[in-house]
Amino acid sequence: MAQSAVIRRNIVESLEATVKRPLEIAGNTKIAADLGLDSLAIMDFIMELEDRLDLSIPLNRIAEVETIDDLVRTIEELKEDAK
Amino acid sequence: MTILAKFSPLRDTYVSLKGQGYDPFQLSFDTITSPTEGTLNGRPVLLLGTNNYLGLTYDPACIDKAVEAVKTRGTGTTGSRIANGTYEGHAALEASLARFYGRKHAMVFTTGYQANLGVLSTLAGKGDHLIIDADSHASIYDGVKLGNAAVHRFRHNDPEDLYKRLRRIEGEPGDKLIVIEGIYSMMGDCAPLREIAAVKRETGAYLLVDEAHSLGVLGARGRGLAEAAGVEADVDFIVGTFSKSLGSVGGFCLADLDGFDILRVACRPYMFTASLPPSVVASTLEALNQLELQPELRLRLRANAQQLYSGLESLGLELGPHVNPIISITMPNPEAAIAFWSRLLEAGIYLNLSLPPATPNGRSLLRSSISAAHTPAQIDRAIATIAAIGRDLGVVPSADMSETRLRRSVAE
């Protein structure tokens, strides 16, 4: 599986684990506005995702993220930086 | 559509909250008459949610010092210390704090919030890393947001999780600063500081402890959790506030690190705000003195906390894990919390209503904070009132219910 697909799958699983229900998610889904996640829920979701990917996703990098695609891109950049 | 349109969802939530009882964000007392009493809508109210841990807001010596200072030094400094200069009181307070904590350097801020804002945004710069507890106070979240460091969040009070997250950034350049609190303001629980200090030593990170709620509360001399846990040598920076156990307003940061004073010309929330007025500085200095002169206040505070905690626990209510002066009752849902809180207010008891997302794990809390100034009779009255309202609302089971049924009803 391509790296971005793995990241995307982990994002969906982490989101579902956070909201505790199955979700219909597309690349342009807005994490806060469309999924109704408050600021704390978003941080908890990121924490879950960090553990799944064994990667640190600093909160300051999340500030710019609005959609699922934004988040995939940010994570790819972080993985690139870590190399 | 105006610039305020973006607040419509928040406004809707707020309006529906207000519709269920009193407005918890705009509560207005007619008067406050002592550390534990005031009046609201013409009726007496017992204050059980003011963080006035030692009850020093009405201490005669503190009041005298404040009065003397306002008469001789005026009502305010009208500016920052870099512009208007340091008054002798500011320097004396910093010296007194440094002596009390046995530290080389002390820096006073205008509020505790600004202390975190200033220290966190300045100490850790671009390329550095801040590793903060997930349940950190808003001032810590805002402080780390103001700076340019990478911000990592670890699971609340979990040293292993902290270690894991530090390992993830092990090879990355930059300094690492772990940020924790002595007593957490929502659930009143203490950080496992000995274990966190061990992680700090192993990973070579710096450690900052915010003792806002633990100064004057924990430790043999009242210095806070680091003293109580016996790990003061591992703590590089102590942040705290004057607005709780010292009964005034203001914040501070202490350190032994050589060159720490450079922050006075680098830390914007210190540099570009008015300094504390002389009366506040004078009462704070005296409160620190009283904290040392009256260790019995701390003992009374502990006894009072134990009395309230045990009383509420015996009702089968779900409380935080540690007996501290912050005692929060977890409610089944926000509606129950709002109803309970409003009924308590009508019965003459004021405590804090804390709702998500300001609370950990989406909890709805009735948050109380106990004072050394509370009498055992006041605490008994609070417990009895909470029991009566709780039974009426079905949150506390009637006295004859079994323990099992009780727990189930709380869970539901």
# chains A, B, ... in the order shown; residues from 1 in each chain; ligands from 1
>>> interface_residues(of="chain A", to="chain B", cutoff="10 Å", atoms="only C-alpha atoms", output="number ranges by chain")
A: 38-41, 43-44, 46-47, 50-51, 54-61, 63, 81-82
>>> select_by_dssp(residues="stretch 364-394 of chain B", states="helix (DSSP H, G or I)", output="list in words")
Pro376, Ala377, Gln378, Ile379, Asp380, Arg381, Ala382, Ile383, Ala384, Thr385, Ile386, Ala387, Ala388, Ile389, Gly390, Arg391 and Asp392 of chain B
>>> residues_around(residues="A:Ile25", least_positions_apart="3", cutoff="10 Å", atoms="only C-alpha atoms", output="PyMOL selection string")
chain A and resi 8+11-12+15+22+28-31+34-35+68
>>> write_last_selection(atoms="all heavy atoms", output="CSV table (one decimal), in the first residue's frame")
chain,number,residue,atom,x,y,z
A,8,ARG,N,-3.8,7.6,5.5
A,8,ARG,CA,-5.2,7.8,5.5
A,8,ARG,C,-6.0,6.8,6.3
A,8,ARG,O,-6.9,7.2,7.0
A,8,ARG,CB,-5.6,7.8,4.0
A,8,ARG,CG,-6.7,8.8,3.6
A,8,ARG,CD,-6.9,8.8,2.1
A,8,ARG,NE,-5.9,9.6,1.5
A,8,ARG,CZ,-6.0,10.9,1.3
A,8,ARG,NH1,-7.2,11.5,1.6
A,8,ARG,NH2,-5.1,11.7,0.7
A,11,ILE,N,-5.6,7.5,9.9
A,11,ILE,CA,-6.4,8.7,10.3
A,11,ILE,C,-7.8,8.4,10.5
A,11,ILE,O,-8.4,8.7,11.6
A,11,ILE,CB,-6.2,9.8,9.2
A,11,ILE,CG1,-4.8,10.4,9.1
A,11,ILE,CG2,-7.3,10.9,9.4
A,11,ILE,CD1,-4.6,11.4,8.0
A,12,VAL,N,-8.4,7.6,9.6
A,12,VAL,CA,-9.8,7.2,9.7
A,12,VAL,C,-10.0,6.4,11.0
A,12,VAL,O,-10.9,6.6,11.8
A,12,VAL,CB,-10.3,6.5,8.5
A,12,VAL,CG1,-11.7,5.9,8.7
A,12,VAL,CG2,-10.2,7.4,7.3
A,15,LEU,N,-9.7,8.6,14.1
A,15,LEU,CA,-10.9,9.4,14.2
A,15,LEU,C,-12.1,8.6,14.8
A,15,LEU,O,-12.8,9.0,15.7
A,15,LEU,CB,-11.3,10.0,12.9
A,15,LEU,CG,-10.6,11.3,12.4
A,15,LEU,CD1,-10.9,11.6,11.0
A,15,LEU,CD2,-11.0,12.4,13.4
A,22,PRO,N,-18.6,4.7,13.4
A,22,PRO,CA,-18.0,4.7,12.1
A,22,PRO,C,-18.3,6.1,11.4
A,22,PRO,O,-19.2,6.7,11.6
A,22,PRO,CB,-18.8,3.6,11.4
A,22,PRO,CG,-20.0,3.3,12.2
A,22,PRO,CD,-19.8,3.9,13.6
A,28,ASN,N,-11.5,15.8,1.4
A,28,ASN,CA,-11.8,17.2,1.7
A,28,ASN,C,-12.7,17.4,2.9
A,28,ASN,O,-13.2,18.4,3.2
A,28,ASN,CB,-12.5,17.9,0.4
A,28,ASN,CG,-13.8,17.2,0.1
A,28,ASN,OD1,-14.2,16.2,0.7
A,28,ASN,ND2,-14.4,17.7,-1.0
A,29,THR,N,-12.9,16.3,3.7
A,29,THR,CA,-13.7,16.4,4.9
A,29,THR,C,-12.9,17.3,5.9
A,29,THR,O,-11.7,17.1,6.1
A,29,THR,CB,-13.8,15.0,5.6
A,29,THR,OG1,-14.6,14.1,4.6
A,29,THR,CG2,-14.6,15.1,6.9
A,30,LYS,N,-13.7,18.3,6.4
A,30,LYS,CA,-13.1,19.2,7.4
A,30,LYS,C,-13.1,18.5,8.8
A,30,LYS,O,-14.2,18.2,9.2
A,30,LYS,CB,-13.8,20.5,7.4
A,30,LYS,CG,-13.5,21.3,6.1
A,30,LYS,CD,-14.2,22.6,6.0
A,30,LYS,CE,-13.9,23.3,4.7
A,30,LYS,NZ,-14.9,24.4,4.5
A,31,ILE,N,-12.0,18.4,9.4
A,31,ILE,CA,-11.9,17.6,10.7
A,31,ILE,C,-12.8,18.2,11.8
A,31,ILE,O,-13.5,17.5,12.4
A,31,ILE,CB,-10.5,17.4,11.1
A,31,ILE,CG1,-9.7,16.6,10.0
A,31,ILE,CG2,-10.4,16.7,12.4
A,31,ILE,CD1,-8.2,16.6,10.2
A,34,ASP,N,-16.8,19.5,9.8
A,34,ASP,CA,-17.7,18.5,9.3
A,34,ASP,C,-17.9,17.3,10.3
A,34,ASP,O,-18.9,16.7,10.4
A,34,ASP,CB,-17.1,17.9,8.0
A,34,ASP,CG,-17.1,18.9,6.9
A,34,ASP,OD1,-17.8,19.9,7.0
A,34,ASP,OD2,-16.3,18.6,5.9
A,35,LEU,N,-16.9,17.1,11.1
A,35,LEU,CA,-17.0,15.9,12.1
A,35,LEU,C,-17.4,16.4,13.5
A,35,LEU,O,-17.6,15.5,14.3
A,35,LEU,CB,-15.7,15.1,12.1
A,35,LEU,CG,-15.2,14.6,10.8
A,35,LEU,CD1,-13.9,13.9,10.9
A,35,LEU,CD2,-16.2,13.6,10.2
A,68,ILE,N,-8.8,16.4,5.8
A,68,ILE,CA,-8.0,15.1,5.9
A,68,ILE,C,-6.8,15.2,5.0
A,68,ILE,O,-5.7,14.7,5.4
A,68,ILE,CB,-8.9,13.9,5.5
A,68,ILE,CG1,-10.1,13.8,6.5
A,68,ILE,CG2,-8.2,12.6,5.5
A,68,ILE,CD1,-9.9,13.4,7.9
>>> residues_around(residues="B:Glu292", least_positions_apart="5", cutoff="9 Å", atoms="only C-alpha atoms", output="PyMOL selection string")
chain B and resi 100+216+221-222+287
>>> select_by_dssp(residues="stretch 102-301 of chain B", states="strand (DSSP E)", output="VMD selection string")
chain B and resid 105 to 109 129 to 133 150 to 154 176 to 181 206 to 210 237 to 241 251 to 255
>>> closest_residue(among="B:Ile3, B:His105, B:Gly247, B:Arg268", to="B:Gly143", atoms="only C-alpha atoms")
B:Arg268
>>> closest_residue(among="B:Ala377, B:Ser283, B:Thr36, B:Trp341", to="B:Ile389", atoms="only C-alpha atoms")
B:Trp341
>>> residues_around(residues="A:Val72", least_positions_apart="2", cutoff="8 Å", atoms="only C-alpha atoms", output="list in words")
Ser4, Ile7, Arg8, Ile68, Asp69, Asp70, Thr74, Ile75 and Glu76 of chain A
>>> residues_around(residues="B:Gln20", least_positions_apart="2", cutoff="12 Å", atoms="only C-alpha atoms", output="ChimeraX atom specification")
/B:13-18,22-24,334-343
>>> atom_distance(atom1="atom CA of B:Asn51", atom2="atom CA of B:Ala124")
29.5 Å
>>> atom_distance(atom1="atom CA of B:Gly390", atom2="atom CA of B:Leu308")
15.2 Å
>>> atom_distance(atom1="atom CA of B:His322", atom2="atom CA of B:His374")
19.7 Å
>>> residues_around(residues="A:Ser14", least_positions_apart="5", cutoff="7 Å", atoms="only C-alpha atoms", output="list in words")
Phe45, Glu48 and Leu49 of chain A
